[in-house]
$ cat model_18.txt   # compact mmCIF, C-alpha atoms and all ligand atoms
# COMPACT_ATOMS: atom_id res chain seq x y z
CA MET H 1 61.11 -152.60 -28.18
CA TYR H 2 61.92 -148.93 -27.96
CA THR H 3 61.89 -146.65 -31.03
CA ASP H 4 65.32 -145.17 -30.35
CA SER H 5 67.93 -147.23 -28.54
CA ASN H 6 69.42 -144.13 -26.92
CA LYS H 7 66.35 -142.30 -25.66
CA ARG H 8 62.94 -143.29 -24.38
CA HIS H 9 60.06 -141.36 -25.94
CA ILE H 10 57.41 -140.63 -23.35
CA ALA H 11 53.81 -139.41 -23.19
CA ILE H 12 52.95 -137.81 -19.84
CA LEU H 13 49.19 -137.92 -19.23
CA GLY H 14 48.23 -135.50 -16.45
CA SER H 15 51.48 -133.50 -16.77
CA THR H 16 50.11 -130.57 -14.74
CA GLY H 17 49.47 -132.62 -11.58
CA SER H 18 51.70 -133.60 -8.68
CA ILE H 19 53.13 -136.71 -10.39
CA GLY H 20 53.16 -135.06 -13.82
CA THR H 21 55.21 -132.04 -12.70
CA GLN H 22 57.69 -134.27 -10.87
CA ALA H 23 57.96 -136.47 -13.97
CA ILE H 24 58.87 -133.37 -15.97
CA ASP H 25 61.61 -132.60 -13.40
CA VAL H 26 62.97 -136.15 -13.84
CA VAL H 27 62.86 -135.99 -17.62
CA ARG H 28 64.52 -132.56 -17.73
CA ALA H 29 67.30 -133.80 -15.43
CA HIS H 30 68.08 -136.57 -17.98
CA PRO H 31 67.89 -135.09 -21.46
CA ASP H 32 70.22 -137.86 -22.67
CA GLN H 33 67.63 -140.50 -21.61
CA PHE H 34 64.18 -139.13 -22.36
CA VAL H 35 62.23 -137.28 -25.03
CA VAL H 36 58.74 -135.97 -24.24
CA GLU H 37 56.33 -136.68 -27.08
CA VAL H 38 53.00 -135.76 -25.46
CA LEU H 39 51.72 -133.70 -22.53
CA THR H 40 48.06 -133.66 -21.43
CA ALA H 41 46.05 -131.73 -18.85
CA ASN H 42 42.43 -131.45 -17.86
CA SER H 43 41.94 -127.67 -17.66
CA ASN H 44 45.14 -126.02 -16.41
CA ALA H 45 46.00 -124.38 -19.73
CA ASP H 46 48.55 -121.92 -18.28
CA LEU H 47 50.76 -124.61 -16.77
CA LEU H 48 50.38 -126.89 -19.80
CA ILE H 49 51.62 -124.06 -22.04
CA GLN H 50 54.58 -123.34 -19.75
CA GLN H 51 55.53 -127.03 -19.67
CA ALA H 52 55.26 -127.35 -23.44
CA GLU H 53 57.47 -124.29 -23.91
CA LEU H 54 60.08 -125.99 -21.70
CA VAL H 55 60.09 -129.57 -22.99
CA ARG H 56 58.84 -129.00 -26.57
CA PRO H 57 56.63 -132.08 -27.05
CA ASN H 58 55.22 -132.93 -30.47
CA VAL H 59 51.64 -132.89 -29.19
CA VAL H 60 49.62 -131.51 -26.28
CA VAL H 61 46.02 -132.27 -25.35
CA ILE H 62 43.82 -130.08 -23.20
CA CYS H 63 40.72 -132.05 -22.16
CA ASP H 64 38.64 -128.96 -21.42
CA GLU H 65 37.63 -127.86 -24.93
CA SER H 66 36.92 -124.29 -23.82
CA ARG H 67 40.70 -123.82 -23.28
CA TYR H 68 41.69 -125.01 -26.75
CA ASP H 69 41.97 -121.55 -28.36
CA GLN H 70 44.31 -120.30 -25.62
CA VAL H 71 46.60 -123.34 -25.87
CA PHE H 72 46.56 -123.33 -29.68
CA ALA H 73 47.45 -119.62 -29.85
CA ALA H 74 50.45 -120.16 -27.57
CA LEU H 75 51.82 -123.41 -29.00
CA ASP H 76 50.99 -123.47 -32.70
CA PRO H 77 53.78 -120.93 -33.43
CA LEU H 78 56.21 -123.38 -31.75
CA ASP H 79 55.11 -126.12 -34.14
CA ILE H 80 53.44 -128.11 -31.35
CA LYS H 81 50.20 -129.85 -32.36
CA VAL H 82 47.29 -129.04 -30.06
CA TYR H 83 44.18 -131.18 -29.56
CA ALA H 84 41.25 -130.92 -27.17
CA GLY H 85 38.87 -133.34 -25.47
CA ALA H 86 39.18 -136.63 -23.59
CA ALA H 87 38.83 -138.67 -26.80
CA SER H 88 42.03 -137.04 -28.12
CA VAL H 89 44.01 -138.31 -25.11
CA ALA H 90 42.89 -141.86 -25.91
CA SER H 91 43.97 -141.47 -29.51
CA VAL H 92 47.34 -139.64 -29.20
CA VAL H 93 48.72 -142.36 -26.88
CA GLN H 94 48.82 -144.61 -29.95
CA MET H 95 51.29 -142.39 -31.85
CA ASP H 96 54.10 -144.44 -33.43
CA SER H 97 56.80 -142.24 -31.89
CA ILE H 98 55.81 -143.10 -28.27
CA ASP H 99 57.62 -145.89 -26.35
CA MET H 100 56.10 -145.43 -22.92
CA VAL H 101 53.01 -143.77 -21.47
CA LEU H 102 53.09 -142.35 -17.94
CA THR H 103 49.49 -142.40 -16.68
CA ALA H 104 49.49 -139.59 -14.13
CA MET H 105 45.96 -138.33 -14.46
CA VAL H 106 43.65 -138.84 -11.55
CA GLY H 107 40.67 -141.21 -11.36
CA TYR H 108 38.55 -143.28 -13.73
CA ALA H 109 39.50 -140.95 -16.63
CA GLY H 110 42.76 -142.94 -16.84
CA LEU H 111 41.09 -146.18 -17.89
CA LEU H 112 40.40 -145.68 -21.60
CA PRO H 113 43.73 -144.02 -22.55
CA THR H 114 45.57 -146.83 -20.72
CA ILE H 115 43.63 -149.47 -22.65
CA ARG H 116 44.31 -147.69 -25.96
CA ALA H 117 48.03 -147.33 -25.13
CA ILE H 118 48.35 -151.03 -24.29
CA GLU H 119 46.47 -151.98 -27.46
CA ALA H 120 49.09 -150.00 -29.39
CA GLY H 121 51.90 -151.88 -27.60
CA LYS H 122 53.13 -148.98 -25.45
CA HIS H 123 54.78 -149.80 -22.13
CA ILE H 124 53.00 -148.21 -19.19
CA ALA H 125 54.45 -146.36 -16.21
CA LEU H 126 51.38 -146.57 -14.04
CA ALA H 127 50.64 -143.89 -11.47
CA ASN H 128 46.89 -143.90 -12.09
CA LYS H 129 46.07 -146.72 -9.66
CA GLU H 130 42.33 -146.31 -10.31
CA THR H 131 42.85 -148.02 -13.69
CA LEU H 132 43.93 -151.30 -12.08
CA VAL H 133 41.33 -150.98 -9.32
CA VAL H 134 38.49 -150.59 -11.81
CA ALA H 135 39.57 -153.13 -14.42
CA GLY H 136 42.65 -155.01 -13.19
CA GLU H 137 41.70 -158.27 -14.83
CA LEU H 138 41.08 -156.68 -18.24
CA ILE H 139 44.21 -154.50 -18.12
CA THR H 140 46.63 -157.23 -17.03
CA ARG H 141 45.20 -159.72 -19.57
CA LEU H 142 45.50 -157.17 -22.37
CA ALA H 143 49.04 -156.24 -21.34
CA ALA H 144 50.07 -159.92 -21.36
CA GLU H 145 48.51 -160.40 -24.81
CA LYS H 146 50.31 -157.37 -26.22
CA GLY H 147 53.66 -158.05 -24.49
CA VAL H 148 53.38 -154.73 -22.67
CA ASN H 149 55.10 -154.14 -19.33
CA ILE H 150 53.37 -152.19 -16.56
CA TYR H 151 55.94 -150.43 -14.37
CA PRO H 152 54.50 -149.23 -11.05
CA VAL H 153 54.97 -145.60 -10.04
CA ASP H 154 53.14 -145.77 -6.70
CA SER H 155 55.96 -145.75 -4.14
CA GLU H 156 54.75 -148.93 -2.38
CA HIS H 157 54.44 -150.92 -5.60
CA SER H 158 57.71 -149.54 -6.89
CA ALA H 159 59.28 -150.74 -3.63
CA ILE H 160 57.93 -154.25 -4.18
CA PHE H 161 59.00 -154.19 -7.82
CA GLN H 162 62.51 -153.07 -6.78
CA CYS H 163 62.67 -155.92 -4.22
CA LEU H 164 61.66 -158.39 -6.92
CA VAL H 165 64.38 -157.42 -9.39
CA GLY H 166 66.56 -160.55 -9.67
CA GLU H 167 63.85 -162.60 -7.90
CA PHE H 168 61.15 -162.87 -10.58
CA HIS H 169 61.45 -166.68 -10.59
CA ASN H 170 61.03 -166.90 -6.79
CA PRO H 171 57.41 -167.13 -5.58
CA ILE H 172 56.20 -164.43 -3.19
CA GLU H 173 54.86 -165.69 0.14
CA LYS H 174 53.34 -162.34 1.02
CA ILE H 175 53.85 -158.62 0.65
CA VAL H 176 53.52 -155.93 3.29
CA LEU H 177 52.30 -152.54 2.09
CA THR H 178 53.29 -149.74 4.43
CA ALA H 179 50.91 -146.86 5.16
CA SER H 180 51.77 -143.56 6.81
CA GLY H 181 48.39 -143.59 8.57
CA GLY H 182 47.64 -140.11 7.22
CA PRO H 183 46.85 -136.97 9.23
CA PHE H 184 44.29 -138.71 11.48
CA ARG H 185 46.33 -141.72 12.62
CA GLY H 186 45.32 -142.72 16.15
CA LYS H 187 42.12 -140.63 16.11
CA ASP H 188 38.71 -142.09 16.98
CA ARG H 189 35.35 -141.74 15.24
CA ALA H 190 34.20 -139.01 17.63
CA PHE H 191 37.17 -136.89 16.51
CA LEU H 192 36.63 -137.70 12.83
CA GLU H 193 32.97 -136.58 12.94
CA THR H 194 33.98 -132.94 12.81
CA VAL H 195 37.21 -132.91 10.77
CA THR H 196 37.41 -130.35 7.98
CA LYS H 197 38.69 -130.45 4.44
CA ALA H 198 41.66 -128.26 5.46
CA GLN H 199 42.66 -130.74 8.20
CA ALA H 200 42.29 -133.71 5.85
CA LEU H 201 44.42 -132.05 3.17
CA LYS H 202 47.44 -131.78 5.52
CA HIS H 203 49.35 -134.98 4.86
CA PRO H 204 52.23 -135.52 7.31
CA ASN H 205 54.80 -136.91 4.81
CA TRP H 206 53.74 -136.46 1.18
CA SER H 207 52.66 -133.51 -0.95
CA MET H 208 50.15 -134.85 -3.49
CA GLY H 209 46.99 -133.99 -5.44
CA ALA H 210 43.79 -133.33 -3.48
CA LYS H 211 42.00 -136.61 -4.27
CA ILE H 212 44.85 -138.93 -3.23
CA THR H 213 45.49 -136.79 -0.12
CA ILE H 214 41.91 -137.33 1.03
CA ASP H 215 42.21 -141.02 0.11
CA SER H 216 45.29 -141.17 2.36
CA ALA H 217 43.38 -139.58 5.24
CA THR H 218 40.52 -142.13 4.94
CA LEU H 219 42.94 -145.05 4.24
CA MET H 220 41.10 -145.65 0.96
CA ASN H 221 44.41 -144.97 -0.75
CA LYS H 222 45.84 -148.06 0.96
CA GLY H 223 42.70 -150.01 0.02
CA LEU H 224 43.13 -149.02 -3.64
CA GLU H 225 46.80 -150.00 -3.39
CA VAL H 226 45.90 -153.44 -2.03
CA ILE H 227 43.77 -154.04 -5.13
CA GLU H 228 46.45 -152.55 -7.39
CA ALA H 229 49.03 -154.93 -5.83
CA LYS H 230 46.84 -157.96 -6.45
CA TRP H 231 46.86 -157.26 -10.19
CA LEU H 232 50.45 -156.05 -10.54
CA PHE H 233 51.98 -159.01 -8.71
CA GLY H 234 49.34 -161.75 -9.18
CA LEU H 235 48.53 -162.16 -5.47
CA THR H 236 45.57 -163.44 -3.45
CA PRO H 237 44.01 -161.12 -0.82
CA GLU H 238 45.55 -163.36 1.88
CA GLN H 239 49.04 -162.59 0.56
CA ILE H 240 48.62 -158.83 1.05
CA GLU H 241 49.15 -157.25 4.47
CA VAL H 242 49.00 -153.59 5.46
CA ILE H 243 51.06 -152.11 8.29
CA VAL H 244 51.10 -148.51 9.47
CA HIS H 245 54.62 -147.03 9.41
CA PRO H 246 54.29 -143.33 10.25
CA GLN H 247 57.79 -142.29 9.10
CA SER H 248 57.22 -143.48 5.46
CA ILE H 249 60.86 -144.62 5.14
CA ILE H 250 60.26 -148.30 4.41
CA HIS H 251 58.12 -148.07 1.29
CA SER H 252 56.99 -151.73 1.37
CA LEU H 253 58.31 -155.28 1.83
CA VAL H 254 58.26 -158.68 0.16
CA GLN H 255 58.50 -161.96 2.05
CA PHE H 256 59.72 -164.95 0.06
CA GLU H 257 59.02 -168.66 0.64
CA ASP H 258 62.23 -169.13 2.66
CA GLY H 259 60.98 -166.53 5.14
CA SER H 260 63.44 -163.84 4.06
CA MET H 261 62.03 -160.34 3.79
CA LYS H 262 63.30 -157.60 1.47
CA ALA H 263 62.35 -153.97 1.95
CA GLN H 264 63.02 -150.86 -0.09
CA MET H 265 63.83 -147.69 1.86
CA GLY H 266 64.41 -144.03 1.27
CA LEU H 267 63.10 -140.59 2.06
CA PRO H 268 59.55 -139.99 0.86
CA ASP H 269 60.18 -138.50 -2.60
CA MET H 270 58.01 -139.53 -5.55
CA ARG H 271 60.69 -138.53 -8.06
CA LEU H 272 62.56 -141.74 -7.21
CA PRO H 273 59.80 -144.23 -8.13
CA ILE H 274 58.86 -142.08 -11.15
CA GLN H 275 62.48 -142.16 -12.34
CA PHE H 276 62.82 -145.90 -11.66
CA ALA H 277 59.70 -146.63 -13.75
CA LEU H 278 60.73 -144.35 -16.63
CA GLY H 279 64.34 -145.52 -16.66
CA TYR H 280 63.92 -149.25 -15.86
CA PRO H 281 66.09 -151.33 -15.78
CA ASN H 282 68.66 -148.60 -15.17
CA ARG H 283 69.14 -146.69 -11.93
CA LEU H 284 69.83 -143.18 -13.12
CA LYS H 285 72.06 -140.94 -11.03
CA SER H 286 70.11 -138.40 -8.97
CA ASP H 287 70.74 -135.58 -6.55
CA PHE H 288 67.60 -136.32 -4.49
CA PRO H 289 68.18 -135.83 -0.73
CA ARG H 290 69.67 -138.97 0.88
CA PHE H 291 68.31 -140.81 3.92
CA ASP H 292 70.34 -140.55 7.13
CA PHE H 293 69.71 -143.09 9.95
CA ARG H 294 70.75 -140.51 12.57
CA GLN H 295 67.73 -138.40 11.65
CA PHE H 296 65.39 -141.38 12.10
CA PRO H 297 66.56 -143.18 15.27
CA SER H 298 63.34 -145.18 15.39
CA LEU H 299 61.18 -146.63 12.68
CA THR H 300 57.85 -147.77 14.10
CA PHE H 301 55.01 -150.04 12.98
CA GLU H 302 51.41 -150.51 14.10
CA GLN H 303 48.22 -152.27 13.00
CA PRO H 304 45.77 -150.21 10.91
CA ASP H 305 42.49 -149.42 12.69
CA LEU H 306 39.95 -150.95 10.30
CA GLU H 307 36.94 -150.07 12.48
CA THR H 308 37.63 -146.34 12.52
CA PHE H 309 38.98 -146.22 8.94
CA ARG H 310 36.34 -148.40 7.30
CA ASN H 311 37.48 -147.73 3.73
CA LEU H 312 40.43 -150.09 4.00
CA GLN H 313 38.12 -152.89 5.15
CA LEU H 314 35.65 -152.06 2.34
CA ALA H 315 38.47 -152.32 -0.21
CA PHE H 316 39.48 -155.76 1.13
CA ASP H 317 35.78 -156.77 0.99
CA ALA H 318 35.53 -155.62 -2.65
CA LEU H 319 38.76 -157.43 -3.55
CA ARG H 320 37.43 -160.70 -2.06
CA GLN H 321 34.06 -160.22 -3.79
CA GLY H 322 35.82 -159.72 -7.14
CA GLY H 323 33.97 -158.98 -10.40
CA ASN H 324 32.97 -155.32 -10.63
CA ALA H 325 33.02 -154.73 -6.83
CA PRO H 326 36.33 -152.79 -6.94
CA CYS H 327 34.90 -150.67 -9.80
CA ILE H 328 31.90 -149.90 -7.56
CA ILE H 329 34.00 -148.77 -4.61
CA ASN H 330 36.22 -146.68 -6.89
CA ALA H 331 33.30 -144.78 -8.44
CA ALA H 332 31.57 -144.31 -5.07
CA ASN H 333 34.83 -143.07 -3.57
CA GLU H 334 35.49 -140.58 -6.40
CA VAL H 335 32.01 -139.07 -5.99
CA ALA H 336 32.19 -139.06 -2.18
CA VAL H 337 35.67 -137.48 -2.06
CA ASP H 338 34.58 -134.81 -4.51
CA ALA H 339 31.54 -134.07 -2.32
CA PHE H 340 33.79 -133.89 0.78
CA LEU H 341 36.16 -131.50 -1.04
CA HIS H 342 33.14 -129.32 -1.91
CA GLU H 343 31.93 -129.53 1.71
CA ARG H 344 28.74 -131.41 0.79
CA LEU H 345 29.65 -134.57 2.75
CA SER H 346 31.30 -135.23 6.10
CA PHE H 347 34.56 -137.15 6.45
CA LEU H 348 32.84 -140.21 7.94
CA GLY H 349 30.08 -139.90 5.33
CA ILE H 350 32.63 -140.98 2.68
CA SER H 351 32.69 -144.58 3.94
CA ASP H 352 28.91 -144.61 4.47
CA VAL H 353 28.38 -143.74 0.80
CA ILE H 354 30.89 -146.36 -0.38
CA ALA H 355 29.40 -149.10 1.83
CA GLU H 356 25.90 -148.31 0.60
CA CYS H 357 26.97 -148.38 -3.07
CA LEU H 358 28.83 -151.67 -2.59
CA ALA H 359 25.65 -153.16 -1.11
CA THR H 360 23.22 -151.80 -3.74
CA ALA H 361 24.95 -151.39 -7.13
CA THR H 362 24.39 -154.21 -9.65
CA PHE H 363 27.02 -156.94 -9.16
CA VAL H 364 28.63 -158.43 -12.28
CA ALA H 365 30.86 -161.46 -11.68
CA ALA H 366 32.80 -161.42 -14.98
CA PRO H 367 32.66 -157.84 -16.28
CA THR H 368 33.52 -156.70 -19.81
CA TYR H 369 34.72 -153.18 -20.64
CA ASP H 370 31.08 -152.14 -21.26
CA ASP H 371 30.10 -153.53 -17.84
CA TYR H 372 32.78 -151.38 -16.18
CA VAL H 373 31.42 -148.32 -17.98
CA SER H 374 27.83 -149.05 -16.86
CA THR H 375 28.94 -149.92 -13.32
CA ASP H 376 30.79 -146.60 -13.09
CA THR H 377 27.74 -144.68 -14.37
CA GLU H 378 25.25 -146.52 -12.11
CA THR H 379 27.44 -146.15 -9.02
CA ARG H 380 28.05 -142.43 -9.60
CA ARG H 381 24.26 -141.95 -9.79
CA LEU H 382 23.67 -143.99 -6.60
CA ALA H 383 26.41 -142.16 -4.72
CA SER H 384 25.15 -138.71 -5.81
CA GLU H 385 21.58 -139.59 -4.78
CA ARG H 386 22.79 -140.82 -1.40
CA ILE H 387 24.82 -137.63 -0.83
CA LYS H 388 21.84 -135.43 -1.80
CA SER H 389 19.61 -137.32 0.65
CA LEU H 390 22.05 -136.53 3.47
CA VAL H 391 21.97 -132.75 2.95
N1 LIG H 401 50.76 -137.46 -6.01
C1 LIG H 401 51.40 -138.53 -5.61
O1 LIG H 401 52.37 -138.44 -4.87
C2 LIG H 401 50.92 -139.90 -6.04
C3 LIG H 401 51.55 -141.03 -5.51
C4 LIG H 401 51.16 -142.28 -5.96
C5 LIG H 401 50.15 -142.41 -6.90
N2 LIG H 401 49.54 -141.29 -7.38
C6 LIG H 401 48.45 -141.45 -8.36
O2 LIG H 401 48.78 -140.69 -9.51
C7 LIG H 401 47.59 -140.15 -10.10
C8 LIG H 401 47.75 -138.64 -10.18
O3 LIG H 401 47.82 -138.12 -8.86
P1 LIG H 401 48.26 -136.62 -8.59
O4 LIG H 401 48.41 -136.50 -7.13
O5 LIG H 401 49.39 -136.27 -9.47
O6 LIG H 401 46.93 -135.85 -9.04
P2 LIG H 401 46.74 -134.30 -9.31
O7 LIG H 401 47.84 -133.51 -8.74
O8 LIG H 401 45.33 -133.97 -8.94
O9 LIG H 401 46.89 -134.19 -10.91
C9 LIG H 401 45.97 -134.83 -11.75
C10 LIG H 401 46.36 -134.62 -13.20
O10 LIG H 401 45.35 -135.22 -14.01
C11 LIG H 401 44.67 -134.22 -14.79
N3 LIG H 401 43.25 -134.57 -14.77
C12 LIG H 401 42.39 -134.43 -13.75
N4 LIG H 401 41.16 -134.86 -14.09
C13 LIG H 401 41.27 -135.31 -15.38
C14 LIG H 401 40.35 -135.84 -16.31
N5 LIG H 401 39.05 -136.05 -16.00
N6 LIG H 401 40.80 -136.17 -17.54
C15 LIG H 401 42.10 -135.99 -17.87
N7 LIG H 401 43.02 -135.46 -17.04
C16 LIG H 401 42.61 -135.14 -15.80
C17 LIG H 401 44.96 -132.90 -14.10
O11 LIG H 401 44.86 -131.82 -15.01
P3 LIG H 401 44.59 -130.30 -14.47
O12 LIG H 401 45.86 -129.90 -13.74
O13 LIG H 401 44.37 -129.53 -15.70
O14 LIG H 401 43.41 -130.39 -13.57
C18 LIG H 401 46.39 -133.16 -13.63
O15 LIG H 401 47.29 -133.03 -14.72
C19 LIG H 401 46.44 -140.60 -9.21
O16 LIG H 401 45.86 -141.74 -9.73
C20 LIG H 401 47.11 -140.92 -7.88
O17 LIG H 401 46.42 -141.91 -7.15
C21 LIG H 401 49.89 -140.05 -6.97

$ encode --input "model_18.txt" --output "structure tokens"
Amino acid sequence: MYTDSNKRHIAILGSTGSIGTQAIDVVRAHPDQFVVEVLTANSNADLLIQQAELVRPNVVVICDESRYDQVFAALDPLDIKVYAGAASVASVVQMDSIDMVLTAMVGYAGLLPTIRAIEAGKHIALANKETLVVAGELITRLAAEKGVNIYPVDSEHSAIFQCLVGEFHNPIEKIVLTASGGPFRGKDRAFLETVTKAQALKHPNWSMGAKITIDSATLMNKGLEVIEAKWLFGLTPEQIEVIVHPQSIIHSLVQFEDGSMKAQMGLPDMRLPIQFALGYPNRLKSDFPRFDFRQFPSLTFEQPDLETFRNLQLAFDALRQGGNAPCIINAANEVAVDAFLHERLSFLGISDVIAECLATATFVAAPTYDDYVSTDTETRRLASERIKSLV
């Protein structure tokens, strides 16, 4: 149920990031469809203020409390309520006026606000894949209990969702997630030993936040997406395949039980899946650049190299292990990627840290929310210790 039959009232969590800024573009292009109720950022107060001046939400939250005075001084005169701190994000998502919450913040920080939003019956447009990786069982169970829909924003999962429209009663035989292969596709371990942060941040097809760009270079992004797909579409690990498709035109495929495959295609542009999730079930008119076959005379496909890019294999291992194993690899990955971005860990060191954490962190077969919190804390400690020992 939406509060206003004409317009969807949206909270954008992580509005200052890559997905968040594109979501604001989508919303501003369709003022007849959307109203922004809430914007949140971690510490980028300047951009948050600019965005709030443009879209005039009711509420903004700045997580970094030291920036509160600056944001309050700018927005209070505009009658916009300003809150600070992570706890405020988890509480404002429950506001009565919100229909849908776009989770576009990065990492584990997305988990609690998503839980609180679902508890309050808000539909979720889910960009923050880490939420489903960490606690997919809990989130999907809660969403089913509350009658909440989770609309995928990740381009691969949006592709699968788009292929399933009109097919929800037909069982899926398997899905194929496409991967660009990242900036180091075809490289061997000897090459990867010396790659730098600047090289890893140069994605061939997509412009994204730093963490997901590194995850794309290590193929952990695809691993996280495999786990995300399991929970979104109720699949077994055996039903999920990954294929490298360097042009990023086919965003993913579904194969049905009669053998027919459906794919969703288009130029790589995250505004499309963002808009599809926010506007579902409608396809809103857009002026996004259109795909032209003549510019892509060949679309190619290859097997991912799981020995060189170990993170994808580790993600499949964690998925098969179940319980809190995906939460362990997520926390280890967040710490390792941060260390790589601060030049305290090598590129190949990222998978070493994750593998070690997966082998040593306490395994819990049927985790509760509190278990996820302790797993995240324990794994972050183990990963940090491991990284320090390597310096
Ligand atoms: N970018 C893409 O094309 C893409 C595609 C598919 C899925 N996703 C997923 O979407 C999510 C966002 O990715 P992104 O690329 O947009 O990331 P990003 O550019 O790094 O932006 C992250 C956003 O989250 C906020 N944030 C960061 N840490 C936070 C914390 N601890 N608590 C609350 N807010 C925090 C940031 O605020 P500040 O600006 O103040 O730091 C920013 O608004 C990720 O889960 C990613 O995997 C992204």

$ closest_atom_pairs --input "model_18.txt" --of "segment 256-369 of chain H" --to "segment 118-123 of chain H" --cutoff "12 Å" --atoms "only C-alpha atoms" --output "JSON lines"
{"residue": "H:Ala277", "atom": "CA", "partner": "H:His123", "partner_atom": "CA", "distance": 10.2}
{"residue": "H:Leu278", "atom": "CA", "partner": "H:His123", "partner_atom": "CA", "distance": 9.8}
{"residue": "H:Gly279", "atom": "CA", "partner": "H:His123", "partner_atom": "CA", "distance": 11.8}
{"residue": "H:Tyr280", "atom": "CA", "partner": "H:His123", "partner_atom": "CA", "distance": 11.1}

$ residues_near_point --input "model_18.txt" --point "(68.8, -144.8, -11.5)" --cutoff "12 Å" --atoms "all atoms listed in the file" --output "ChimeraX atom specification"
/H:26,29-30,33,162,271-288

$ closest_residue --input "model_18.txt" --among "H:Val391, H:Ala336, H:Val165, H:Leu78" --to "Ile214 of chain H" --atoms "only C-alpha atoms"
H:Ala336

$ closest_residue --input "model_18.txt" --among "H:Ile350, H:Ile249, H:Met100, H:Leu235" --to "Asn205 of chain H" --atoms "only C-alpha atoms"
H:Ile249

$ residues_near_ligand --input "model_18.txt" --ligand "ligand LIG 401 (chain H)" --cutoff "7 Å" --atoms "all atoms listed in the file" --output "number ranges by chain"
H: 13-20, 40-45, 63, 86, 104-107, 109, 127-130, 153-155, 206-212, 270

$ closest_residue --input "model_18.txt" --among "H:His9, H:Lys174, H:His169, H:Lys388" --to "Ser260 of chain H" --atoms "only C-alpha atoms"
H:Lys174

$ residues_around --input "model_18.txt" --residues "segment 314-316 of chain H" --least-positions-apart "5" --cutoff "12 Å" --atoms "all atoms listed in the file" --output "PDB file with C-alpha atoms, keeping the file's coordinate frame"
ATOM      1  CA  VAL H 133      41.330-150.980  -9.320  1.00  0.00           C
ATOM      2  CA  VAL H 134      38.490-150.590 -11.810  1.00  0.00           C
ATOM      3  CA  ASP H 215      42.210-141.020   0.110  1.00  0.00           C
ATOM      4  CA  THR H 218      40.520-142.130   4.940  1.00  0.00           C
ATOM      5  CA  LEU H 219      42.940-145.050   4.240  1.00  0.00           C
ATOM      6  CA  MET H 220      41.100-145.650   0.960  1.00  0.00           C
ATOM      7  CA  ASN H 221      44.410-144.970  -0.750  1.00  0.00           C
ATOM      8  CA  LYS H 222      45.840-148.060   0.960  1.00  0.00           C
ATOM      9  CA  GLY H 223      42.700-150.010   0.020  1.00  0.00           C
ATOM     10  CA  LEU H 224      43.130-149.020  -3.640  1.00  0.00           C
ATOM     11  CA  GLU H 225      46.800-150.000  -3.390  1.00  0.00           C
ATOM     12  CA  VAL H 226      45.900-153.440  -2.030  1.00  0.00           C
ATOM     13  CA  ILE H 227      43.770-154.040  -5.130  1.00  0.00           C
ATOM     14  CA  GLU H 228      46.450-152.550  -7.390  1.00  0.00           C
ATOM     15  CA  ALA H 229      49.030-154.930  -5.830  1.00  0.00           C
ATOM     16  CA  LYS H 230      46.840-157.960  -6.450  1.00  0.00           C
ATOM     17  CA  THR H 236      45.570-163.440  -3.450  1.00  0.00           C
ATOM     18  CA  PRO H 237      44.010-161.120  -0.820  1.00  0.00           C
ATOM     19  CA  GLU H 238      45.550-163.360   1.880  1.00  0.00           C
ATOM     20  CA  GLN H 239      49.040-162.590   0.560  1.00  0.00           C
ATOM     21  CA  ILE H 240      48.620-158.830   1.050  1.00  0.00           C
ATOM     22  CA  GLU H 241      49.150-157.250   4.470  1.00  0.00           C
ATOM     23  CA  VAL H 242      49.000-153.590   5.460  1.00  0.00           C
ATOM     24  CA  LEU H 306      39.950-150.950  10.300  1.00  0.00           C
ATOM     25  CA  GLU H 307      36.940-150.070  12.480  1.00  0.00           C
ATOM     26  CA  THR H 308      37.630-146.340  12.520  1.00  0.00           C
ATOM     27  CA  PHE H 309      38.980-146.220   8.940  1.00  0.00           C
ATOM     28  CA  GLN H 321      34.060-160.220  -3.790  1.00  0.00           C
ATOM     29  CA  GLY H 322      35.820-159.720  -7.140  1.00  0.00           C
ATOM     30  CA  ALA H 325      33.020-154.730  -6.830  1.00  0.00           C
ATOM     31  CA  PRO H 326      36.330-152.790  -6.940  1.00  0.00           C
ATOM     32  CA  CYS H 327      34.900-150.670  -9.800  1.00  0.00           C
ATOM     33  CA  ILE H 328      31.900-149.900  -7.560  1.00  0.00           C
ATOM     34  CA  ILE H 329      34.000-148.770  -4.610  1.00  0.00           C
ATOM     35  CA  ASN H 330      36.220-146.680  -6.890  1.00  0.00           C
ATOM     36  CA  ALA H 332      31.570-144.310  -5.070  1.00  0.00           C
ATOM     37  CA  ASN H 333      34.830-143.070  -3.570  1.00  0.00           C
ATOM     38  CA  ILE H 350      32.630-140.980   2.680  1.00  0.00           C
ATOM     39  CA  SER H 351      32.690-144.580   3.940  1.00  0.00           C
ATOM     40  CA  ASP H 352      28.910-144.610   4.470  1.00  0.00           C
ATOM     41  CA  VAL H 353      28.380-143.740   0.800  1.00  0.00           C
ATOM     42  CA  ILE H 354      30.890-146.360  -0.380  1.00  0.00           C
ATOM     43  CA  ALA H 355      29.400-149.100   1.830  1.00  0.00           C
ATOM     44  CA  GLU H 356      25.900-148.310   0.600  1.00  0.00           C
ATOM     45  CA  CYS H 357      26.970-148.380  -3.070  1.00  0.00           C
ATOM     46  CA  LEU H 358      28.830-151.670  -2.590  1.00  0.00           C
ATOM     47  CA  ALA H 359      25.650-153.160  -1.110  1.00  0.00           C
TER      48      ALA H 359
END

$ atom_distance --input "model_18.txt" --atom1 "atom CA of Glu193 of chain H" --atom2 "atom CA of Leu312 of chain H"
17.8 Å

$ residues_around --input "model_18.txt" --residues "Arg381 of chain H" --least-positions-apart "2" --cutoff "10 Å" --atoms "only C-alpha atoms" --output "ChimeraX atom specification"
/H:331-332,335,357,361,375-379,383-387
